[in-house]
Structures are given as structure tokens and as C-alpha cells.
file model-v6.cif (mmCIF, C-alpha atoms and all ligand atoms)
data_model
loop_
_atom_site.label_atom_id
_atom_site.label_comp_id
_atom_site.auth_asym_id
_atom_site.auth_seq_id
_atom_site.Cartn_x
_atom_site.Cartn_y
_atom_site.Cartn_z
CA MET A 1 123.43 99.69 -9.74
CA ARG A 2 127.13 99.83 -9.08
CA ILE A 3 127.85 100.49 -5.46
CA VAL A 4 130.57 100.08 -2.87
CA LEU A 5 129.68 99.22 0.71
CA MET A 6 132.40 100.59 2.97
CA GLY A 7 132.79 99.99 6.68
CA ALA A 8 134.89 98.26 9.30
CA PRO A 9 134.83 94.46 9.50
CA GLY A 10 131.64 93.47 11.30
CA SER A 11 129.77 96.67 10.41
CA GLY A 12 127.05 94.68 8.61
CA LYS A 13 128.06 95.12 4.97
CA GLY A 14 127.71 91.41 4.20
CA THR A 15 124.28 91.11 5.81
CA GLN A 16 122.94 94.16 3.99
CA SER A 17 124.50 92.98 0.72
CA GLN A 18 122.32 89.89 0.90
CA TYR A 19 119.25 92.15 1.01
CA LEU A 20 120.47 94.24 -1.97
CA VAL A 21 121.23 91.09 -3.99
CA GLU A 22 117.60 90.01 -3.60
CA ARG A 23 116.14 93.45 -4.19
CA PHE A 24 118.18 94.41 -7.26
CA GLY A 25 119.20 91.00 -8.65
CA ILE A 26 122.86 91.95 -8.88
CA PRO A 27 125.79 90.02 -7.36
CA GLN A 28 127.61 90.78 -4.14
CA ILE A 29 131.33 90.78 -4.80
CA SER A 30 133.22 90.30 -1.55
CA THR A 31 136.99 90.19 -1.89
CA GLY A 32 137.13 88.51 1.55
CA ASP A 33 134.90 85.66 0.28
CA LEU A 34 136.83 85.41 -3.01
CA LEU A 35 140.14 85.25 -1.13
CA ARG A 36 138.85 82.66 1.38
CA SER A 37 137.66 80.54 -1.53
CA ALA A 38 141.10 80.87 -3.22
CA VAL A 39 142.76 79.79 0.05
CA ALA A 40 140.39 76.81 0.42
CA ARG A 41 141.05 75.73 -3.18
CA GLY A 42 144.80 76.15 -2.75
CA THR A 43 145.19 78.37 -5.83
CA GLU A 44 148.35 80.42 -6.34
CA TYR A 45 146.55 83.59 -5.25
CA GLY A 46 145.20 81.75 -2.19
CA LEU A 47 148.59 80.42 -1.13
CA ARG A 48 150.09 83.91 -1.39
CA ALA A 49 147.18 85.60 0.43
CA LYS A 50 146.82 83.26 3.42
CA ALA A 51 149.48 84.62 5.79
CA ALA A 52 148.28 88.24 5.45
CA MET A 53 144.67 87.17 6.02
CA ASP A 54 145.48 85.09 9.10
CA SER A 55 147.30 88.02 10.69
CA GLY A 56 144.63 90.62 9.90
CA GLN A 57 146.76 92.52 7.37
CA LEU A 58 145.71 93.51 3.87
CA VAL A 59 146.56 91.14 1.05
CA VAL A 60 148.84 92.81 -1.52
CA ASP A 61 147.06 94.91 -4.13
CA GLU A 62 148.36 92.88 -7.06
CA ILE A 63 146.47 89.77 -5.88
CA VAL A 64 143.29 91.58 -4.88
CA LEU A 65 143.17 93.54 -8.14
CA GLY A 66 143.79 90.36 -10.15
CA ILE A 67 140.88 88.66 -8.38
CA ILE A 68 138.53 91.63 -8.75
CA ARG A 69 139.38 92.17 -12.42
CA GLU A 70 138.48 88.54 -13.17
CA ARG A 71 135.28 88.74 -11.14
CA LEU A 72 134.05 92.00 -12.69
CA ALA A 73 134.54 90.47 -16.14
CA GLU A 74 132.01 87.71 -15.37
CA LYS A 75 128.64 87.96 -17.09
CA ASP A 76 126.51 88.47 -13.99
CA ALA A 77 128.41 91.65 -13.10
CA ALA A 78 127.56 93.37 -16.39
CA GLY A 79 124.28 94.77 -15.04
CA GLY A 80 125.77 96.04 -11.79
CA PHE A 81 127.30 94.81 -8.55
CA ILE A 82 127.72 95.42 -4.86
CA LEU A 83 131.34 95.62 -3.82
CA ASP A 84 131.80 94.47 -0.22
CA GLY A 85 135.25 94.87 1.34
CA PHE A 86 136.81 96.39 -1.76
CA PRO A 87 138.44 98.86 -2.27
CA ARG A 88 140.38 98.97 0.99
CA ASN A 89 143.05 101.55 0.21
CA LEU A 90 143.61 104.46 -2.13
CA ALA A 91 145.57 102.48 -4.73
CA GLN A 92 142.69 99.97 -5.00
CA ALA A 93 140.13 102.79 -5.27
CA GLN A 94 142.08 104.38 -8.10
CA ALA A 95 142.54 101.06 -9.88
CA LEU A 96 138.79 100.42 -9.60
CA ALA A 97 138.02 103.85 -11.04
CA ASP A 98 140.32 103.09 -13.98
CA MET A 99 138.72 99.67 -14.62
CA LEU A 100 135.22 101.15 -14.56
CA ALA A 101 136.24 104.11 -16.73
CA VAL A 102 137.40 101.70 -19.44
CA LEU A 103 133.97 100.05 -19.30
CA GLY A 104 132.22 103.45 -19.27
CA LYS A 105 130.40 102.34 -16.10
CA PRO A 106 131.38 104.50 -13.13
CA LEU A 107 130.19 103.92 -9.57
CA ASP A 108 126.73 105.18 -8.61
CA ALA A 109 127.35 105.42 -4.87
CA VAL A 110 129.53 104.49 -1.92
CA VAL A 111 127.74 103.80 1.35
CA LEU A 112 129.74 104.06 4.56
CA PHE A 113 128.48 101.95 7.50
CA GLU A 114 129.34 103.65 10.79
CA VAL A 115 129.51 101.47 13.93
CA ASP A 116 131.41 101.92 17.24
CA TYR A 117 134.49 99.74 17.51
CA ALA A 118 133.35 98.30 20.90
CA GLU A 119 130.15 97.08 19.21
CA ILE A 120 132.18 95.65 16.33
CA ILE A 121 134.40 93.60 18.65
CA LYS A 122 131.27 92.22 20.32
CA ARG A 123 129.58 91.42 17.00
CA ILE A 124 132.62 89.71 15.52
CA SER A 125 133.32 87.65 18.64
CA GLY A 126 129.85 86.12 18.18
CA ARG A 127 130.17 85.49 14.46
CA ARG A 128 130.13 81.86 13.30
CA SER A 129 129.92 80.59 9.76
CA CYS A 130 129.16 77.45 7.83
CA GLN A 131 132.20 76.36 5.84
CA GLN A 132 129.95 74.55 3.40
CA CYS A 133 127.39 77.20 2.31
CA GLY A 134 129.16 80.29 3.67
CA ARG A 135 126.15 81.54 5.65
CA VAL A 136 126.97 83.69 8.63
CA PHE A 137 125.27 83.39 12.03
CA ASN A 138 125.75 85.30 15.29
CA VAL A 139 125.59 83.65 18.69
CA HIS A 140 124.67 86.99 20.32
CA THR A 141 121.62 87.58 18.12
CA ALA A 142 120.53 84.01 17.33
CA PRO A 143 117.28 83.02 19.03
CA PRO A 144 117.78 80.96 22.24
CA GLY A 145 118.12 77.26 21.49
CA THR A 146 119.67 77.78 18.03
CA PRO A 147 121.83 74.68 17.46
CA PRO A 148 125.59 75.05 16.85
CA HIS A 149 125.30 73.69 13.32
CA CYS A 150 124.10 75.03 9.97
CA ASP A 151 120.39 74.38 9.55
CA GLN A 152 120.53 75.41 5.87
CA CYS A 153 122.69 72.44 4.77
CA ASP A 154 121.31 68.91 4.59
CA ASP A 155 124.11 67.26 6.55
CA LYS A 156 124.07 70.05 9.20
CA PRO A 157 127.81 70.82 9.42
CA PRO A 158 129.07 72.52 12.60
CA LEU A 159 129.40 76.32 12.62
CA VAL A 160 132.95 77.56 13.06
CA GLN A 161 134.67 80.79 14.03
CA ARG A 162 136.85 82.32 11.31
CA ARG A 163 140.48 82.31 12.38
CA ASP A 164 140.78 86.06 11.73
CA ASP A 165 137.70 86.71 13.89
CA GLU A 166 139.68 86.03 17.08
CA GLU A 167 139.88 89.16 19.20
CA ALA A 168 143.57 90.07 18.78
CA THR A 169 143.29 89.74 15.00
CA VAL A 170 140.07 91.76 14.94
CA ARG A 171 141.86 94.61 16.74
CA ARG A 172 144.62 94.49 14.12
CA ARG A 173 142.00 94.54 11.32
CA LEU A 174 140.36 97.59 12.91
CA GLU A 175 143.72 99.41 13.01
CA VAL A 176 144.29 98.59 9.35
CA TYR A 177 140.78 99.82 8.56
CA GLU A 178 141.36 103.09 10.42
CA GLN A 179 144.73 103.75 8.76
CA GLN A 180 144.13 102.58 5.21
CA THR A 181 140.43 102.21 4.44
CA ARG A 182 138.59 104.90 6.45
CA PRO A 183 140.44 107.70 4.58
CA LEU A 184 138.67 106.55 1.39
CA ALA A 185 135.51 108.18 2.79
CA GLN A 186 137.08 111.56 2.03
CA TYR A 187 138.18 110.45 -1.43
CA TYR A 188 134.61 109.43 -2.32
CA ALA A 189 133.01 112.41 -0.56
CA ALA A 190 135.08 114.72 -2.76
CA GLN A 191 133.49 113.00 -5.79
CA GLY A 192 129.97 113.45 -4.37
CA LEU A 193 129.52 109.65 -4.16
CA LEU A 194 129.55 109.11 -0.40
CA ARG A 195 126.47 108.41 1.72
CA SER A 196 127.08 107.62 5.42
CA ILE A 197 124.62 105.66 7.52
CA ASP A 198 124.48 104.94 11.24
CA ALA A 199 124.73 101.14 11.14
CA GLN A 200 124.58 100.64 14.91
CA ALA A 201 121.03 99.28 14.94
CA GLY A 202 119.03 96.16 14.17
CA VAL A 203 119.27 94.62 10.71
CA GLN A 204 115.90 95.92 9.47
CA GLN A 205 116.52 99.44 10.71
CA VAL A 206 119.89 99.51 8.96
CA THR A 207 118.24 98.20 5.77
CA ALA A 208 115.75 101.09 5.94
CA ARG A 209 118.61 103.59 6.33
CA LEU A 210 120.50 101.99 3.45
CA VAL A 211 117.46 102.21 1.17
CA ALA A 212 116.93 105.86 2.19
CA ALA A 213 120.59 106.60 1.42
CA LEU A 214 120.29 105.05 -2.04
CA GLU A 215 117.06 106.95 -2.64
CA SER A 216 118.85 110.18 -1.83
CA LEU A 217 121.00 109.76 -4.95
CA PRO A 218 120.36 112.36 -7.65
CA ALA A 219 117.59 111.15 -9.98
CA ALA A 220 119.94 110.54 -12.93
CA ARG A 221 122.17 108.26 -10.89
CA ARG A 222 119.16 106.52 -9.36
CA ARG A 223 117.90 105.69 -12.86
CA SER A 224 121.27 104.22 -13.75
CA ALA A 225 121.30 102.45 -10.38
CA ALA A 226 118.00 100.76 -11.18
CA ARG A 227 119.45 99.26 -14.37
P1 LIG A 301 136.79 90.46 5.01
O1 LIG A 301 136.03 89.19 4.97
O2 LIG A 301 136.30 91.48 4.02
O3 LIG A 301 136.88 91.04 6.42
O4 LIG A 301 138.28 90.12 4.56
C1 LIG A 301 139.07 89.17 5.26
C2 LIG A 301 140.53 89.40 4.98
O5 LIG A 301 140.79 89.27 3.57
C3 LIG A 301 141.04 90.80 5.32
O6 LIG A 301 141.40 90.93 6.69
C4 LIG A 301 142.25 90.90 4.39
O7 LIG A 301 143.35 90.14 4.89
C5 LIG A 301 141.75 90.21 3.14
N1 LIG A 301 141.07 91.17 2.22
C6 LIG A 301 139.77 91.20 1.88
N2 LIG A 301 139.51 92.19 1.01
C7 LIG A 301 140.70 92.81 0.80
C8 LIG A 301 141.11 93.91 0.00
N3 LIG A 301 140.23 94.62 -0.74
N4 LIG A 301 142.42 94.27 0.04
C9 LIG A 301 143.33 93.58 0.78
N5 LIG A 301 143.01 92.54 1.55
C10 LIG A 301 141.70 92.14 1.57
#

call {"tool": "encode", "arguments": {"input": "model-v6.cif", "output": "C-alpha cells", "more": "lines below"}}
Ligand code: AMP
result
Amino acid sequence: MRIVLMGAPGSGKGTQSQYLVERFGIPQISTGDLLRSAVARGTEYGLRAKAAMDSGQLVVDEIVLGIIRERLAEKDAAGGFILDGFPRNLAQAQALADMLAVLGKPLDAVVLFEVDYAEIIKRISGRRSCQQCGRVFNVHTAPPGTPPHCDQCDDKPPLVQRRDDEEATVRRRLEVYEQQTRPLAQYYAAQGLLRSIDAQAGVQQVTARLVAALESLPAARRRSAAR
């Protein structure tokens, strides 16, 4: 399966990717995660990407495409992948199509997660993550009494808010999404690849809609998606 999950920040792509990773045994490739890791490691890409990320702007295509090209060449991506947060503009979408054409492995589907922006701002304001294992939690949906530290890591590090999850930056990221990324829905619809789902619901309900969307693929593409 080679799919793109498209949607505004906070629309649930990352959460649903985790489900698809387990179900299909293919990796989630999140350019946001790859860039944050490059920043944390202080690589050249990371140093160049940091300012754009902190201000909610897109990182330049050259860096993002360099990172994605390296990641797609890794062994675990040979049998398929879930792209989360990439592509984010038309130039990236075209570059991706070219990379996959060379490999003879085109996309099977693009799923668009639709969520109201008011809901997104609420979801993101509650998002906290563990800097050690990368797991994401939400203070709005966590059961009462959930401690403010990661219970998945042995030394229980504190959960922190991503700098670009502060409200003013989230608004900027939504504008960027609306101007540069949302128009890709039309680009993929014209190729017959787009499936839209209403992602304004609980996690399990959205998973059910996602599965139904993937099952609505033509049989030939579903067979290739299962490989
Ligand atoms: P995300 O975790 O996907 O919301 O990404 C966090 C930030 O990383 C974004 O606000 C951008 O600054 C940068 N970023 C992630 N993916 C891309 C991409 N495909 N193109 C450009 N910038 C990106």
C-alpha cells in the first residue's frame, strides 16, 4: 500500500497512521517527525529548517525533498508506506509522482481528513508529546487523572507542548494549509486517487471511515495496496 494522508495539522493523520502501520506492517513517513529529528540532531537540514518550522511556515522544498528521497530509499519502504504531512504543495506532489514513476510504484490512494478549523485549534492546544519516544497525548481527551508525564518510558519524562502548537503559530499553519496544501485535493481528485473522510469524530469512528475509504478503491488498486 502506498498512500498519502492529507489534512490540516491536528486532523488526526498521525493517530490514524499508527493504526495503519499495525494493520499493514508498512512504515509511517512523517516529514514533520523527520524534520524535528533533524533539528534535534543539529544536522545541516535541521539547522536550515528550524526557523520556518518555529514560525509555522513550510520548510523549503529542496530540504523536504532531500529528506523524503532518502527515507523512501530505505528498505522498509520498499513494500509500501503511509505519507503523513507530505506532499504539502504542488511542487512536492509533482516531485513525488516523478520519484514513484522511476520506481514504477505509483500511489494507490490519497485520503483527505476533513475537520473544522475551530475543532483543530482546540485539539492542537491540548496536544502534548514525549520528547523521548515521540508519543502524542491530548489533555482534552486523556482520562481524568492522567499524569503529566509519559507513562510509556521507564524514566517517565514530562510531556511538553510543541513550540509550533502555540495558538498563533497554529493559525499561521492553518493559513499555509489552506493556501498551499488544500488545493492538492483537486490535483489528486483529477487523477481519481482522492478519498475524503469526515474526520471530526472519535478515533475509532474515524478509523472505520478510513478503512471504508480504502476498501472503496478499485479492486486492482486494492490488491496492490495489500502488497
Ligand atoms: P507537522 O508535524 O506535519 O505539522 O509539521 C511540522 C512543521 O514541519 C510544519 O509546520 C512545517 O514547518 C514543516 N514541514 C513538515 N512537513 C513539511 C513539508 N512536506 N513541506 C514543508 N514543510 C514541512

call {"tool": "residues_near_point", "arguments": {"input": "model-v6.cif", "point": "(138.5, 99.8, 21.1)", "cutoff": "10 Å", "atoms": "only C-alpha atoms", "output": "mmCIF file with C-alpha atoms, in the frame of the given file"}}
result
data_model
loop_
_atom_site.group_PDB
_atom_site.id
_atom_site.type_symbol
_atom_site.label_atom_id
_atom_site.label_comp_id
_atom_site.auth_asym_id
_atom_site.auth_seq_id
_atom_site.Cartn_x
_atom_site.Cartn_y
_atom_site.Cartn_z
ATOM 1 C CA ASP A 116 131.410 101.920 17.240
ATOM 2 C CA TYR A 117 134.490 99.740 17.510
ATOM 3 C CA ALA A 118 133.350 98.300 20.900
ATOM 4 C CA GLU A 119 130.150 97.080 19.210
ATOM 5 C CA ILE A 120 132.180 95.650 16.330
ATOM 6 C CA ILE A 121 134.400 93.600 18.650
ATOM 7 C CA ARG A 171 141.860 94.610 16.740
ATOM 8 C CA LEU A 174 140.360 97.590 12.910
ATOM 9 C CA GLU A 175 143.720 99.410 13.010
#

call {"tool": "residues_near_ligand", "arguments": {"input": "model-v6.cif", "ligand": "ligand LIG 301 (chain A)", "cutoff": "6 Å", "atoms": "only C-alpha atoms and all ligand atoms", "output": "list in words"}}
result
Pro9, Thr31, Gly32, Asp33, Ala52, Met53, Gly56, Gln57, Leu58, Val59, Val64, Gly85, Phe86, Pro87, Arg88 and Arg173 of chain A

call {"tool": "closest_residue", "arguments": {"input": "model-v6.cif", "among": "A:Arg23, A:Asn89, A:Gln205, A:Gly104", "to": "Glu178 of chain A", "atoms": "only C-alpha atoms"}}
result
A:Asn89

call {"tool": "closest_atom_pairs", "arguments": {"input": "model-v6.cif", "of": "segment 23-132 of chain A", "to": "segment 138-156 of chain A", "cutoff": "9 Å", "atoms": "all atoms listed in the file", "output": "tab-separated table"}}
result
residue	atom	partner	partner_atom	distance
A:Lys122	CA	A:His140	CA	8.4
A:Arg123	CA	A:His140	CA	7.4
A:Ile124	CA	A:Asn138	CA	8.2
A:Ser125	CA	A:Asn138	CA	8.6
A:Gly126	CA	A:Val139	CA	5.0
A:Arg127	CA	A:Asn138	CA	4.5
A:Arg128	CA	A:Asn138	CA	5.9
A:Ser129	CA	A:Cys150	CA	8.1
A:Cys130	CA	A:Cys150	CA	6.0
A:Gln132	CA	A:Cys153	CA	7.7

call {"tool": "write_last_selection", "arguments": {"input": "model-v6.cif", "atoms": "C-alpha atoms", "output": "PDB file, keeping the file's coordinate frame"}}
result
ATOM      1  CA  LYS A 122     131.270  92.220  20.320  1.00  0.00           C
ATOM      2  CA  ARG A 123     129.580  91.420  17.000  1.00  0.00           C
ATOM      3  CA  ILE A 124     132.620  89.710  15.520  1.00  0.00           C
ATOM      4  CA  SER A 125     133.320  87.650  18.640  1.00  0.00           C
ATOM      5  CA  GLY A 126     129.850  86.120  18.180  1.00  0.00           C
ATOM      6  CA  ARG A 127     130.170  85.490  14.460  1.00  0.00           C
ATOM      7  CA  ARG A 128     130.130  81.860  13.300  1.00  0.00           C
ATOM      8  CA  SER A 129     129.920  80.590   9.760  1.00  0.00           C
ATOM      9  CA  CYS A 130     129.160  77.450   7.830  1.00  0.00           C
ATOM     10  CA  GLN A 132     129.950  74.550   3.400  1.00  0.00           C
TER      11      GLN A 132
END

call {"tool": "residues_around", "arguments": {"input": "model-v6.cif", "residues": "Ala49 of chain A", "least_positions_apart": "6", "cutoff": "8 Å", "atoms": "only C-alpha atoms", "output": "list in words"}}
result
Leu35, Val39, Val59, Val60 and Ile63 of chain A

call {"tool": "write_last_selection", "arguments": {"input": "model-v6.cif", "atoms": "C-alpha atoms", "output": "mmCIF file, in the coordinates of the input"}}
result
data_model
loop_
_atom_site.group_PDB
_atom_site.id
_atom_site.type_symbol
_atom_site.label_atom_id
_atom_site.label_comp_id
_atom_site.auth_asym_id
_atom_site.auth_seq_id
_atom_site.Cartn_x
_atom_site.Cartn_y
_atom_site.Cartn_z
ATOM 1 C CA LEU A 35 140.140 85.250 -1.130
ATOM 2 C CA VAL A 39 142.760 79.790 0.050
ATOM 3 C CA VAL A 59 146.560 91.140 1.050
ATOM 4 C CA VAL A 60 148.840 92.810 -1.520
ATOM 5 C CA ILE A 63 146.470 89.770 -5.880
#

call {"tool": "residues_around", "arguments": {"input": "model-v6.cif", "residues": "Leu193 of chain A", "least_positions_apart": "5", "cutoff": "8 Å", "atoms": "all atoms listed in the file", "output": "list in words"}}
result
Leu107, Asp108, Ala109, Val110 and Tyr188 of chain A

call {"tool": "closest_residue", "arguments": {"input": "model-v6.cif", "among": "A:Phe81, A:Tyr45, A:Tyr19, A:Phe24", "to": "Val4 of chain A", "atoms": "all atoms listed in the file"}}
result
A:Phe81

call {"tool": "atom_distance", "arguments": {"input": "model-v6.cif", "atom1": "atom CA of Ile29 of chain A", "atom2": "atom CA of Asp84 of chain A"}}
result
5.9 Å

call {"tool": "closest_residue", "arguments": {"input": "model-v6.cif", "among": "A:Arg48, A:Gly134, A:Pro218, A:Met99", "to": "Glu70 of chain A", "atoms": "all atoms listed in the file"}}
result
A:Met99

call {"tool": "atom_distance", "arguments": {"input": "model-v6.cif", "atom1": "atom CA of Ser216 of chain A", "atom2": "atom CA of Gly79 of chain A"}}
result
21.0 Å

call {"tool": "closest_residue", "arguments": {"input": "model-v6.cif", "among": "A:Asp198, A:Glu22, A:Glu114, A:Asp54", "to": "Arg36 of chain A", "atoms": "all atoms listed in the file"}}
result
A:Asp54

call {"tool": "atom_distance", "arguments": {"input": "model-v6.cif", "atom1": "atom CA of Ala8 of chain A", "atom2": "atom CA of Phe113 of chain A"}}
result
7.6 Å

call {"tool": "closest_residue", "arguments": {"input": "model-v6.cif", "among": "A:Arg172, A:Arg162, A:Arg2, A:Arg195", "to": "Val211 of chain A", "atoms": "all atoms listed in the file"}}
result
A:Arg195

call {"tool": "closest_residue", "arguments": {"input": "model-v6.cif", "among": "A:Ala208, A:Leu103, A:Val136, A:Ala93", "to": "Gln186 of chain A", "atoms": "all atoms listed in the file"}}
result
A:Ala93

call {"tool": "residues_around", "arguments": {"input": "model-v6.cif", "residues": "Pro106 of chain A", "least_positions_apart": "5", "cutoff": "10 Å", "atoms": "only C-alpha atoms", "output": "list in words"}}
result
Met1, Arg2, Ile3, Leu96, Ala97, Asp98, Met99, Leu100 and Ala101 of chain A
